[in-house]
Amino acid sequence: MSDKKEQELQTTELPITIHTQYIRDISFENPDAPNSMRAGLDMPEMNVNIGMDARAIEDSDIKNLYEVILTISATATRSDKTVFIAEVIYGVTISIEDSVPEDQHHPLLLIEIPKFSFPFARQILATLTSQGGFPPLLLTPVDFQALYMDRFKDEIAEARAAAEQGKTN
């Protein structure tokens, strides 16, 4: 195997173990049915929100065990009426290898794990909207690193400033 191929494999493998994946909660509301499903109606306006969260789980046998939650909420509206509301809360339990420094856990949990779990939650949401009587809601890929950077920009800036301050003293 070439050196380049070995480097590619090393950089694409995450230092984690995935223990379980599951639907933590799922919801679908069709409040104006059957009126919202009549033929010839305008396409509804979609509002999609994505959230990520992680928490440590205490376990005597597994070190660095975490639950990562990916929440996808979609609301379709037409004029002033709600067409449907769909929400999938998808969970993944993982452990992080000891070789990963603690300060790298947070971005790994809130960038890489949502990136991994998104296709599963996306498929569940598409099936949910389809089973609700609508075309499947197929979400485009999400840049979880950009979401992370936006969500934690203040903390990242403070950490960089503190690191720079430490270098100059």
# chains A, B, ... in the order shown; residues from 1 in each chain; ligands from 1
$ residues_around --residues "range 13-26 of chain A" --least-positions-apart "5" --cutoff "6 Å" --atoms "only C-alpha atoms" --output "PyMOL selection string"
chain A and resi 87-97
$ write_last_selection --atoms "C-alpha atoms" --output "tab-separated table (two decimals), in the first residue's frame"
chain	number	residue	atom	x	y	z
A	87	GLU	CA	-39.16	16.10	14.33
A	88	VAL	CA	-36.58	13.38	14.70
A	89	ILE	CA	-34.28	13.19	17.71
A	90	TYR	CA	-31.58	10.68	16.87
A	91	GLY	CA	-29.09	9.40	19.43
A	92	VAL	CA	-25.70	7.76	19.18
A	93	THR	CA	-23.65	6.43	22.09
A	94	ILE	CA	-19.93	6.39	21.48
A	95	SER	CA	-16.69	6.07	23.35
A	96	ILE	CA	-13.58	8.01	22.46
A	97	GLU	CA	-10.17	6.36	22.55
$ select_by_dssp --residues "range 5-169 of chain A" --states "helix (DSSP H, G or I)" --output "VMD selection string"
chain A and resid 5 to 12 35 to 37 102 to 131 144 to 151 153 to 168
$ select_by_dssp --residues "chain A" --states "strand (DSSP E)" --output "ChimeraX atom specification"
/A:16-29,45-56,65-78,81-96
$ write_last_selection --atoms "C-alpha atoms" --output "compact mmCIF listing (two decimals), in the first residue's frame"
# COMPACT_ATOMS: atom_id res chain seq x y z
CA ILE A 16 -14.18 6.19 18.39
CA THR A 17 -16.34 3.16 19.00
CA ILE A 18 -20.02 3.44 18.15
CA HIS A 19 -22.01 1.42 20.67
CA THR A 20 -25.62 2.16 19.69
CA GLN A 21 -27.73 4.28 17.36
CA TYR A 22 -31.40 4.89 18.05
CA ILE A 23 -34.44 7.08 17.65
CA ARG A 24 -34.77 8.90 20.93
CA ASP A 25 -37.98 10.69 19.96
CA ILE A 26 -40.03 11.11 16.81
CA SER A 27 -43.05 13.27 16.10
CA PHE A 28 -45.28 14.09 13.16
CA GLU A 29 -48.23 16.46 13.20
CA GLU A 45 -42.62 27.00 2.76
CA MET A 46 -40.15 24.86 4.70
CA ASN A 47 -38.33 25.81 7.88
CA VAL A 48 -35.72 23.27 8.98
CA ASN A 49 -33.69 23.49 12.20
CA ILE A 50 -30.82 21.25 13.17
CA GLY A 51 -29.41 20.94 16.67
CA MET A 52 -26.57 18.94 18.17
CA ASP A 53 -25.91 18.12 21.79
CA ALA A 54 -23.61 15.78 23.69
CA ARG A 55 -23.36 14.59 27.25
CA ALA A 56 -21.00 12.32 29.14
CA LEU A 65 -18.60 7.29 26.97
CA TYR A 66 -20.93 9.90 25.48
CA GLU A 67 -24.42 10.27 24.09
CA VAL A 68 -24.65 12.54 21.05
CA ILE A 69 -28.08 13.81 20.03
CA LEU A 70 -28.93 15.13 16.58
CA THR A 71 -32.29 16.91 16.37
CA ILE A 72 -33.90 17.72 13.04
CA SER A 73 -37.14 19.71 13.12
CA ALA A 74 -39.08 20.64 9.99
CA THR A 75 -42.16 22.84 9.78
CA ALA A 76 -44.05 23.29 6.51
CA THR A 77 -46.44 26.24 6.22
CA ARG A 78 -48.75 27.52 3.53
CA LYS A 81 -51.60 27.46 8.14
CA THR A 82 -49.22 24.79 9.37
CA VAL A 83 -49.10 21.98 6.82
CA PHE A 84 -46.98 19.62 8.93
CA ILE A 85 -44.46 19.53 11.74
CA ALA A 86 -41.93 16.70 11.82
CA GLU A 87 -39.16 16.10 14.33
CA VAL A 88 -36.58 13.38 14.70
CA ILE A 89 -34.28 13.19 17.71
CA TYR A 90 -31.58 10.68 16.87
CA GLY A 91 -29.09 9.40 19.43
CA VAL A 92 -25.70 7.76 19.18
CA THR A 93 -23.65 6.43 22.09
CA ILE A 94 -19.93 6.39 21.48
CA SER A 95 -16.69 6.07 23.35
CA ILE A 96 -13.58 8.01 22.46
